[in-house]
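J.: Just protein.cif, nothing more (mmCIF, C-alpha atoms):
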```
data_query
#
loop_
_atom_site.label_atom_id
_atom_site.label_comp_id
_atom_site.auth_asym_id
_atom_site.auth_seq_id
_atom_site.Cartn_x
_atom_site.Cartn_y
_atom_site.Cartn_z
CA MET A 1261 -194.89 -144.75 130.82
CA GLY A 1262 -192.91 -142.34 128.65
CA SER A 1263 -193.82 -138.75 128.11
CA ASP A 1264 -194.40 -139.20 124.39
CA ALA A 1265 -196.01 -142.64 124.43
CA THR A 1266 -199.57 -143.21 123.27
CA ILE A 1267 -201.06 -145.37 126.00
CA SER A 1268 -204.40 -146.27 124.44
CA PHE A 1269 -205.05 -149.97 124.08
CA VAL A 1270 -208.05 -152.22 123.53
CA PRO A 1271 -208.34 -153.78 127.03
CA TYR A 1272 -208.40 -150.28 128.52
CA ALA A 1273 -211.35 -149.24 126.38
CA ARG A 1274 -213.20 -152.51 127.00
CA HIS A 1275 -213.18 -152.10 130.78
CA LEU A 1276 -213.64 -148.35 130.77
CA GLY A 1277 -217.29 -148.34 131.83
CA ALA A 1278 -216.95 -150.13 135.15
CA ARG A 1279 -213.73 -148.34 136.03
CA VAL A 1280 -214.97 -144.85 135.35
CA THR A 1281 -218.08 -145.46 137.45
CA GLN A 1282 -215.98 -146.52 140.43
CA VAL A 1283 -213.44 -143.71 140.06
CA ALA A 1284 -216.24 -141.14 139.68
CA ALA A 1285 -217.85 -142.42 142.88
CA ASP A 1286 -214.52 -142.25 144.76
CA LEU A 1287 -213.89 -138.74 143.46
CA GLU A 1288 -217.34 -137.44 144.37
CA ARG A 1289 -217.05 -138.96 147.84
CA ALA A 1290 -213.68 -137.28 148.37
CA LEU A 1291 -214.97 -133.90 147.17
CA ASN A 1292 -218.04 -134.11 149.40
CA SER A 1293 -216.11 -135.07 152.53
CA PRO A 1294 -215.88 -132.50 155.36
CA GLY A 1295 -212.96 -130.13 155.42
CA SER A 1296 -210.63 -129.10 152.63
CA GLU A 1297 -208.27 -132.08 152.31
CA LEU A 1298 -207.17 -132.60 148.71
CA LEU A 1299 -205.19 -135.82 148.85
CA PRO A 1300 -208.05 -138.37 148.66
CA ALA A 1301 -209.52 -136.66 145.58
CA ALA A 1302 -206.11 -136.38 143.92
CA LEU A 1303 -205.42 -140.07 144.59
CA ALA A 1304 -208.81 -140.94 143.10
CA ILE A 1305 -207.67 -139.25 139.88
CA SER A 1306 -204.56 -141.45 139.93
CA ARG A 1307 -206.84 -144.45 139.40
CA VAL A 1308 -207.34 -143.33 135.81
CA GLU A 1309 -203.98 -145.00 135.16
CA TYR A 1310 -203.51 -147.07 138.32
CA PRO A 1311 -206.81 -148.85 139.02
CA ALA A 1312 -205.38 -151.05 141.78
CA LEU A 1313 -203.57 -148.22 143.54
CA GLU A 1314 -203.19 -148.66 147.29
CA THR A 1315 -203.66 -145.19 148.74
CA ALA A 1316 -202.69 -145.86 152.36
CA PRO A 1317 -198.91 -145.64 151.78
CA TYR A 1318 -199.29 -142.22 150.18
CA LEU A 1319 -201.57 -140.91 152.90
CA ASP A 1320 -199.03 -142.19 155.45
CA ALA A 1321 -196.19 -140.49 153.56
CA ILE A 1322 -197.95 -137.12 153.68
CA ASP A 1323 -198.69 -137.59 157.39
CA ARG A 1324 -195.01 -138.38 158.02
CA MET A 1325 -193.88 -135.31 156.09
CA GLY A 1326 -196.41 -133.19 157.94
CA LYS A 1327 -194.99 -134.27 161.30
CA ASN A 1328 -191.44 -133.64 160.14
CA ALA A 1329 -192.40 -130.22 158.78
CA ALA A 1330 -194.14 -129.36 162.06
CA ALA A 1331 -190.87 -130.09 163.89
CA ARG A 1332 -188.98 -127.77 161.50
CA LEU A 1333 -191.53 -125.00 162.06
CA GLN A 1334 -191.61 -125.38 165.84
CA GLY A 1335 -190.48 -122.24 167.54
CA ILE A 1336 -190.73 -120.10 164.41
CA SER A 1337 -192.96 -117.10 165.04
CA GLY A 1338 -193.54 -113.66 163.69
CA SER A 1339 -193.08 -113.24 159.95
CA PRO A 1340 -194.89 -115.86 157.85
CA SER A 1341 -191.96 -115.73 155.43
CA ALA A 1342 -189.79 -117.49 158.02
CA SER A 1343 -192.27 -120.36 158.23
CA VAL A 1344 -192.50 -120.60 154.45
CA ALA A 1345 -188.69 -120.58 154.18
CA ALA A 1346 -188.46 -123.44 156.68
CA LEU A 1347 -191.13 -125.43 154.87
CA ASN A 1348 -189.42 -124.79 151.53
CA GLU A 1349 -186.11 -126.02 152.90
CA TYR A 1350 -187.76 -129.19 154.17
CA LEU A 1351 -189.78 -130.00 151.03
CA TYR A 1352 -187.34 -128.98 148.31
CA GLU A 1353 -183.94 -129.56 149.92
CA GLU A 1354 -184.51 -132.38 152.41
CA GLU A 1355 -187.31 -134.24 150.64
CA GLY A 1356 -186.04 -133.39 147.16
CA PHE A 1357 -189.21 -132.19 145.41
CA SER A 1358 -188.72 -130.19 142.22
CA GLY A 1359 -190.57 -129.00 139.15
CA ASN A 1360 -190.22 -131.35 136.20
CA ARG A 1361 -188.74 -128.97 133.64
CA ASP A 1362 -187.34 -131.72 131.39
CA SER A 1363 -190.57 -133.70 130.91
CA TYR A 1364 -193.33 -131.24 131.79
CA ASP A 1365 -195.93 -133.08 129.66
CA ASP A 1366 -195.26 -136.50 131.15
CA PRO A 1367 -198.69 -137.59 132.45
CA ARG A 1368 -197.05 -138.97 135.58
CA ASN A 1369 -196.62 -135.36 136.71
CA SER A 1370 -200.41 -135.19 137.19
CA PHE A 1371 -200.71 -138.30 139.38
CA ILE A 1372 -199.99 -137.68 143.06
CA ASN A 1373 -198.69 -141.21 143.67
CA GLU A 1374 -196.10 -140.71 140.94
CA VAL A 1375 -195.18 -137.24 142.17
CA LEU A 1376 -194.60 -138.63 145.66
CA ASP A 1377 -192.60 -141.58 144.29
CA ARG A 1378 -190.51 -139.59 141.81
CA ARG A 1379 -190.34 -136.29 143.74
CA THR A 1380 -191.17 -134.23 140.65
CA GLY A 1381 -194.31 -132.78 139.12
CA ILE A 1382 -196.07 -129.77 137.65
CA PRO A 1383 -197.24 -126.68 139.60
CA ILE A 1384 -200.66 -128.00 140.61
CA SER A 1385 -199.53 -131.45 141.75
CA LEU A 1386 -196.60 -130.01 143.71
CA ALA A 1387 -199.00 -127.42 145.17
CA ILE A 1388 -201.29 -130.15 146.49
CA ILE A 1389 -198.40 -131.82 148.30
CA TYR A 1390 -197.26 -128.45 149.62
CA MET A 1391 -200.73 -127.59 150.95
CA GLU A 1392 -201.29 -131.00 152.52
CA VAL A 1393 -197.93 -131.00 154.29
CA ALA A 1394 -198.36 -127.38 155.40
CA ALA A 1395 -201.80 -128.12 156.85
CA ARG A 1396 -200.39 -130.97 158.92
CA ALA A 1397 -197.58 -128.69 160.10
CA GLY A 1398 -200.01 -126.01 161.25
CA LEU A 1399 -199.33 -123.54 158.43
CA ARG A 1400 -202.28 -122.25 156.42
CA VAL A 1401 -201.50 -122.34 152.70
CA ILE A 1402 -204.20 -122.06 150.04
CA GLY A 1403 -204.26 -122.60 146.29
CA VAL A 1404 -204.48 -119.89 143.62
CA ASN A 1405 -205.95 -120.72 140.21
CA PHE A 1406 -203.58 -118.35 138.40
CA PRO A 1407 -203.78 -118.55 134.59
CA GLY A 1408 -201.20 -120.91 133.13
CA HIS A 1409 -199.35 -121.62 136.38
CA PHE A 1410 -200.91 -122.74 139.65
CA LEU A 1411 -199.70 -120.75 142.66
CA LEU A 1412 -200.06 -120.73 146.45
CA ARG A 1413 -200.77 -118.16 149.14
CA ALA A 1414 -199.63 -118.24 152.76
CA GLY A 1415 -201.58 -115.87 154.98
CA GLY A 1416 -200.01 -113.40 157.36
CA ALA A 1417 -201.46 -112.14 160.60
CA MET A 1418 -202.19 -108.74 159.10
CA ALA A 1419 -204.11 -107.80 155.97
CA GLY A 1420 -201.82 -107.51 152.99
CA GLU A 1421 -199.20 -109.88 154.42
CA ASP A 1422 -200.14 -112.78 152.15
CA LEU A 1423 -197.16 -114.37 150.45
CA ILE A 1424 -197.47 -115.65 146.88
CA ILE A 1425 -195.54 -118.90 146.46
CA ASP A 1426 -194.47 -120.69 143.29
CA PRO A 1427 -194.53 -124.44 144.10
CA PHE A 1428 -192.83 -125.34 140.81
CA HIS A 1429 -189.72 -123.25 141.43
CA GLY A 1430 -188.71 -124.36 144.90
CA GLY A 1431 -191.35 -122.34 146.74
CA ALA A 1432 -190.03 -119.01 145.45
CA LEU A 1433 -191.86 -115.95 146.74
CA LEU A 1434 -193.39 -113.80 144.00
CA SER A 1435 -194.06 -110.08 143.97
CA GLU A 1436 -196.99 -108.51 142.15
CA PHE A 1437 -194.53 -107.58 139.39
CA ASP A 1438 -193.49 -111.25 139.11
CA CYS A 1439 -197.15 -112.26 138.82
CA ARG A 1440 -197.74 -109.69 136.10
CA GLN A 1441 -194.75 -110.97 134.15
CA MET A 1442 -195.90 -114.57 134.56
CA LEU A 1443 -199.36 -113.65 133.30
CA ARG A 1444 -197.89 -112.06 130.18
CA SER A 1445 -195.70 -115.07 129.51
CA HIS A 1446 -198.67 -117.46 129.67
CA VAL A 1447 -201.49 -115.34 128.23
CA GLY A 1448 -199.75 -112.67 126.14
CA ASP A 1449 -198.82 -109.02 126.36
CA GLU A 1450 -202.47 -107.96 126.14
CA ALA A 1451 -203.34 -109.75 129.39
CA ALA A 1452 -204.69 -107.44 132.09
CA PHE A 1453 -203.60 -108.21 135.64
CA ASP A 1454 -206.27 -108.06 138.31
CA GLY A 1455 -206.10 -108.88 141.99
CA SER A 1456 -208.94 -111.39 141.54
CA LEU A 1457 -206.47 -113.62 139.69
CA LEU A 1458 -204.90 -114.30 143.08
CA ALA A 1459 -208.19 -115.26 144.76
CA PRO A 1460 -208.29 -118.50 146.74
CA ALA A 1461 -209.18 -121.64 144.79
CA THR A 1462 -211.69 -124.07 146.27
CA ARG A 1463 -211.05 -127.80 146.49
CA HIS A 1464 -213.48 -128.27 143.62
CA ASP A 1465 -211.63 -125.65 141.53
CA ILE A 1466 -208.33 -127.43 142.06
CA ILE A 1467 -209.60 -130.89 141.18
CA VAL A 1468 -211.36 -129.60 138.06
CA ARG A 1469 -208.15 -127.90 136.94
CA MET A 1470 -206.21 -131.14 137.47
CA LEU A 1471 -208.72 -133.03 135.34
CA VAL A 1472 -208.77 -130.41 132.58
CA ASN A 1473 -204.96 -130.47 132.41
CA LEU A 1474 -204.96 -134.25 132.21
CA LYS A 1475 -207.64 -134.40 129.52
CA ARG A 1476 -205.79 -131.93 127.31
CA LEU A 1477 -202.60 -133.92 127.70
CA TYR A 1478 -204.31 -137.19 126.73
CA VAL A 1479 -205.88 -135.53 123.69
CA ARG A 1480 -202.47 -134.28 122.56
CA MET A 1481 -201.13 -137.82 123.01
CA ARG A 1482 -204.13 -139.15 121.07
CA SER A 1483 -204.89 -141.36 124.07
CA PHE A 1484 -208.61 -141.05 123.47
CA PRO A 1485 -209.92 -143.73 125.88
CA GLN A 1486 -208.19 -142.00 128.78
CA ALA A 1487 -209.30 -138.56 127.60
CA ARG A 1488 -212.89 -139.81 127.45
CA PHE A 1489 -212.50 -141.28 130.93
CA VAL A 1490 -211.36 -137.92 132.30
CA SER A 1491 -214.12 -136.07 130.45
CA THR A 1492 -216.64 -138.32 132.21
CA LEU A 1493 -215.03 -137.51 135.56
CA LEU A 1494 -215.32 -133.81 134.77
CA LEU A 1495 -219.03 -134.25 134.10
CA SER A 1496 -219.46 -136.19 137.32
CA VAL A 1497 -217.96 -133.38 139.43
CA ASP A 1498 -219.56 -130.57 137.38
CA PRO A 1499 -222.72 -131.67 135.52
CA SER A 1500 -223.23 -128.10 134.31
CA ALA A 1501 -220.04 -128.26 132.19
CA ILE A 1502 -221.91 -128.90 128.95
CA GLY A 1503 -218.76 -128.36 126.91
CA GLU A 1504 -217.62 -131.69 128.31
CA LEU A 1505 -220.63 -133.36 126.67
CA ARG A 1506 -219.38 -132.06 123.35
CA ASP A 1507 -215.81 -133.16 124.03
CA ARG A 1508 -216.82 -136.59 125.29
CA GLY A 1509 -219.05 -137.06 122.26
CA LEU A 1510 -216.22 -136.18 119.88
CA LEU A 1511 -213.87 -138.52 121.75
CA ALA A 1512 -216.45 -141.31 121.46
CA TYR A 1513 -216.62 -140.55 117.74
CA HIS A 1514 -212.84 -141.00 117.45
CA LEU A 1515 -213.21 -144.33 119.28
CA GLU A 1516 -215.99 -145.39 116.88
CA ASP A 1517 -218.54 -145.64 119.68
CA PHE A 1518 -221.06 -143.94 117.45
CA SER A 1519 -224.22 -144.40 119.52
CA SER A 1520 -222.58 -142.87 122.60
CA ALA A 1521 -221.16 -140.07 120.48
CA LEU A 1522 -224.59 -139.26 119.06
CA LYS A 1523 -226.18 -139.29 122.52
CA ASP A 1524 -223.65 -136.84 123.96
CA LEU A 1525 -223.59 -134.50 120.99
CA GLU A 1526 -227.39 -134.32 120.76
CA GLU A 1527 -227.56 -133.58 124.48
CA TYR A 1528 -224.91 -130.91 124.08
CA LEU A 1529 -226.90 -129.21 121.30
CA ARG A 1530 -230.06 -129.40 123.39
CA LEU A 1531 -228.36 -127.70 126.36
CA ALA A 1532 -226.01 -125.29 124.60
CA PRO A 1533 -227.02 -121.63 125.02
CA ARG A 1534 -228.90 -120.23 122.05
CA ASP A 1535 -229.16 -116.75 120.66
CA ALA A 1536 -231.67 -114.70 122.64
CA ASP A 1537 -233.67 -114.14 119.44
CA SER A 1538 -233.78 -117.79 118.41
CA SER A 1539 -237.16 -119.48 118.70
CA GLU A 1540 -237.65 -122.59 120.81
CA GLY A 1541 -239.63 -125.29 119.06
CA ASP A 1542 -238.83 -124.30 115.48
CA SER A 1543 -237.16 -127.66 114.93
CA ASP A 1544 -239.10 -130.92 114.81
CA GLY A 1545 -236.20 -132.74 116.48
CA ASP A 1546 -235.01 -134.56 113.36
CA GLU A 1547 -232.56 -131.78 112.54
CA PRO A 1548 -231.07 -129.10 114.80
CA ALA A 1549 -232.41 -125.59 114.61
CA ALA A 1550 -230.81 -123.19 112.11
CA ASP A 1551 -229.44 -120.96 114.85
CA ASP A 1552 -227.65 -123.93 116.33
CA GLU A 1553 -226.16 -124.65 112.92
CA ASP A 1554 -224.70 -121.15 112.84
CA GLU A 1555 -223.19 -121.53 116.31
CA ASN A 1556 -221.99 -125.17 116.23
CA PRO A 1557 -221.38 -126.14 112.60
CA SER A 1558 -218.79 -128.81 113.39
CA VAL A 1559 -220.98 -130.49 116.00
CA ILE A 1560 -224.01 -130.28 113.71
CA ASN A 1561 -222.13 -132.01 110.91
CA HIS A 1562 -221.02 -134.76 113.26
CA VAL A 1563 -224.59 -135.25 114.50
CA LYS A 1564 -225.95 -135.51 110.97
CA ALA A 1565 -223.31 -138.06 110.01
CA LEU A 1566 -223.84 -140.02 113.21
CA ARG A 1567 -227.59 -140.17 112.74
CA ARG A 1568 -227.11 -141.67 109.28
CA ARG A 1569 -224.52 -144.13 110.55
CA VAL A 1570 -226.52 -145.23 113.61
CA ALA A 1571 -229.68 -145.57 111.51
CA SER A 1572 -227.82 -147.94 109.18
CA PHE A 1573 -227.16 -150.24 112.15
CA ASN A 1574 -230.87 -150.65 112.89
#
```
Translate this structure into structure tokens?
T.:
Amino acid sequence: MGSDATISFVPYARHLGARVTQVAADLERALNSPGSELLPAALAISRVEYPALETAPYLDAIDRMGKNAAARLQGISGSPSASVAALNEYLYEEEGFSGNRDSYDDPRNSFINEVLDRRTGIPISLAIIYMEVAARAGLRVIGVNFPGHFLLRAGGAMAGEDLIIDPFHGGALLSEFDCRQMLRSHVGDEAAFDGSLLAPATRHDIIVRMLVNLKRLYVRMRSFPQARFVSTLLLSVDPSAIGELRDRGLLAYHLEDFSSALKDLEEYLRLAPRDADSSEGDSDGDEPAADDEDENPSVINHVKALRRRVASFN
């Protein structure tokens, strides 16, 4: 699968319903399992493109790397930077992991099976491997949902000893100045740095970010069946994300699934926050309220067109 290929095709769309239901169930089960392990949920996401994926070899590979990393870390004590340096040497020099600078937008960078096979990925996928191997080696490393570039933190014994790690650039340690510069490069010069940007990310946070990244990539590739698939997964793990109803409805519209598009877009308009001064019940349900028209003109126009089109089918 090339980085610039459009991978939409008719059989994919035809079998989407059954597949997305199964993947959503696998993903929810992984996210609701005890502990903080990320690998089962990440491998569930891989089934967007690899429905018959056997996960056992990848789980075994991480276990093997964890044991090897534990041997490298054995006897290292004191400064957490020494443990991180040893883990970096193992993962990036011995195992050969690296950030994919040449084909950053290749969707394979978002699938953990491919990252393990090809030894290259993007910050968040490399971070997951780093965290999973570190956990098995007895080193506590957590994710950081930093804007534009996923990071890691390794905790020290004393407050303020946390190390900020860049998983994309060989596990490089970052200072606060480095983080500020990175923020500016991704968000702009007006971006304000705040310590909360380095707060720990939950397992749910990490999986949602993976899915959002993947959906955006599919949309750019105009691979709308896959983007719709991922949008459904996002709704399954976060039903309150009503923006995904809008996006999934618009993707269904592009795929000419007009009844599904209408259902999602009407539900989005029903749930979307309204102006505090707007009156509930002013609309009879045949047309959206005027305040909604002011706030969501594009969605409103799609809904009107879809209602006419769907009515013509009946």
J.: At what distance in Å, to one decimal, does atom CA of A:Pro1407 lie from atom CA of A:Leu1443?
T.: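 That distance, rounded to one decimal, is 6.7 Å.
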J.: Expand the PyMOL selection byres ((chain A and resi 1319-1323) around 12) into the explicit residue set it covers here, and present it as a ChimeraX atom specification.
T.: /A:1297-1303,1314-1318,1324-1330,1351,1355,1372-1373,1375-1377,1388-1397
J.: Return as an NGL selection string the set of residues that the PyMOL selection byres ((chain A and resi 1502-1511) around 8) yields on the displayed structure.
T.: :A and (1484-1485 or 1487-1488 or 1491-1492 or 1494-1495 or 1499-1501 or 1512-1515 or 1520-1525 or 1527-1528 or 1531-1532 or 1559)
J.: Write the residues of the selection above to a file with C-alpha atoms, as a short mmCIF file (atom, residue, chain, number, x, y, z; two decimals), in the coordinates of the input.
T.:
```cif
data_model
loop_
_atom_site.label_atom_id
_atom_site.label_comp_id
_atom_site.auth_asym_id
_atom_site.auth_seq_id
_atom_site.Cartn_x
_atom_site.Cartn_y
_atom_site.Cartn_z
CA PHE A 1484 -208.61 -141.05 123.47
CA PRO A 1485 -209.92 -143.73 125.88
CA ALA A 1487 -209.30 -138.56 127.60
CA ARG A 1488 -212.89 -139.81 127.45
CA SER A 1491 -214.12 -136.07 130.45
CA THR A 1492 -216.64 -138.32 132.21
CA LEU A 1494 -215.32 -133.81 134.77
CA LEU A 1495 -219.03 -134.25 134.10
CA PRO A 1499 -222.72 -131.67 135.52
CA SER A 1500 -223.23 -128.10 134.31
CA ALA A 1501 -220.04 -128.26 132.19
CA ALA A 1512 -216.45 -141.31 121.46
CA TYR A 1513 -216.62 -140.55 117.74
CA HIS A 1514 -212.84 -141.00 117.45
CA LEU A 1515 -213.21 -144.33 119.28
CA SER A 1520 -222.58 -142.87 122.60
CA ALA A 1521 -221.16 -140.07 120.48
CA LEU A 1522 -224.59 -139.26 119.06
CA LYS A 1523 -226.18 -139.29 122.52
CA ASP A 1524 -223.65 -136.84 123.96
CA LEU A 1525 -223.59 -134.50 120.99
CA GLU A 1527 -227.56 -133.58 124.48
CA TYR A 1528 -224.91 -130.91 124.08
CA LEU A 1531 -228.36 -127.70 126.36
CA ALA A 1532 -226.01 -125.29 124.60
CA VAL A 1559 -220.98 -130.49 116.00
#
```
J.: If the PyMOL selection byres ((chain A and resi 1411) around 9) were run on this exact file, what residues would it hold? Put them as a list of chain:residue names.
T.: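 What the PyMOL selection byres ((chain A and resi 1411) around 9) grabs from the file is A:Pro1383, A:Ile1384, A:Ala1387, A:Ile1402, A:Gly1403, A:Val1404, A:Asn1405, A:Phe1406, A:His1409, A:Phe1410, A:Leu1412, A:Arg1413, A:Ile1424, A:Ile1425, A:Asp1426, A:Pro1427, A:Phe1428, A:Leu1458.
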J.: Do you have the atom CA of A:Phe1357-atom CA of A:Leu1287 distance handy?
T.: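 According to the coordinates, atom CA of A:Phe1357 and atom CA of A:Leu1287 are separated by 25.6 Å.
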J.: Provide the atom CA of A:Val1283 to atom CA of A:Asp1366 distance in Å, to one decimal place.
T.: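 One can read the atom CA of A:Val1283 to atom CA of A:Asp1366 distance as 21.5 Å.
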J.: Using all atoms listed in the file for the distances, tell me which of A:Val1468, A:Ala1459, A:Leu1313, A:Leu1477 is nearest to A:Glu1288.
T.: A:Val1468
J.: With distances taken over only C-alpha atoms, which of A:Val1344, A:Asn1473, A:Asn1561, A:Arg1463 is nearest to A:Tyr1364?
T.: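 Using only C-alpha atoms, the shortest distance to A:Tyr1364 belongs to A:Asn1473.
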J.: Mind checking which residues fall within 8 Å of A:Phe1489, counting all atoms listed in the file, ignoring those fewer than 3 positions away in the same chain, and posting them as a PyMOL selection string?
T.: chain A and resi 1276+1280+1308+1485-1486+1492-1493
J.: Using all atoms listed in the file, pick whichever of A:Cys1439, A:Ala1304, A:Gly1398, A:Met1470 has the shortest atom-to-atom distance to A:Leu1333.
T.: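 For A:Leu1333, the nearest of the given residues is A:Gly1398.
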J.: Restricting the calculation to only C-alpha atoms, which member of A:Val1563, A:Ser1339, A:Asp1362, A:Val1497 is positioned closest to A:Val1472?
T.: A:Val1497
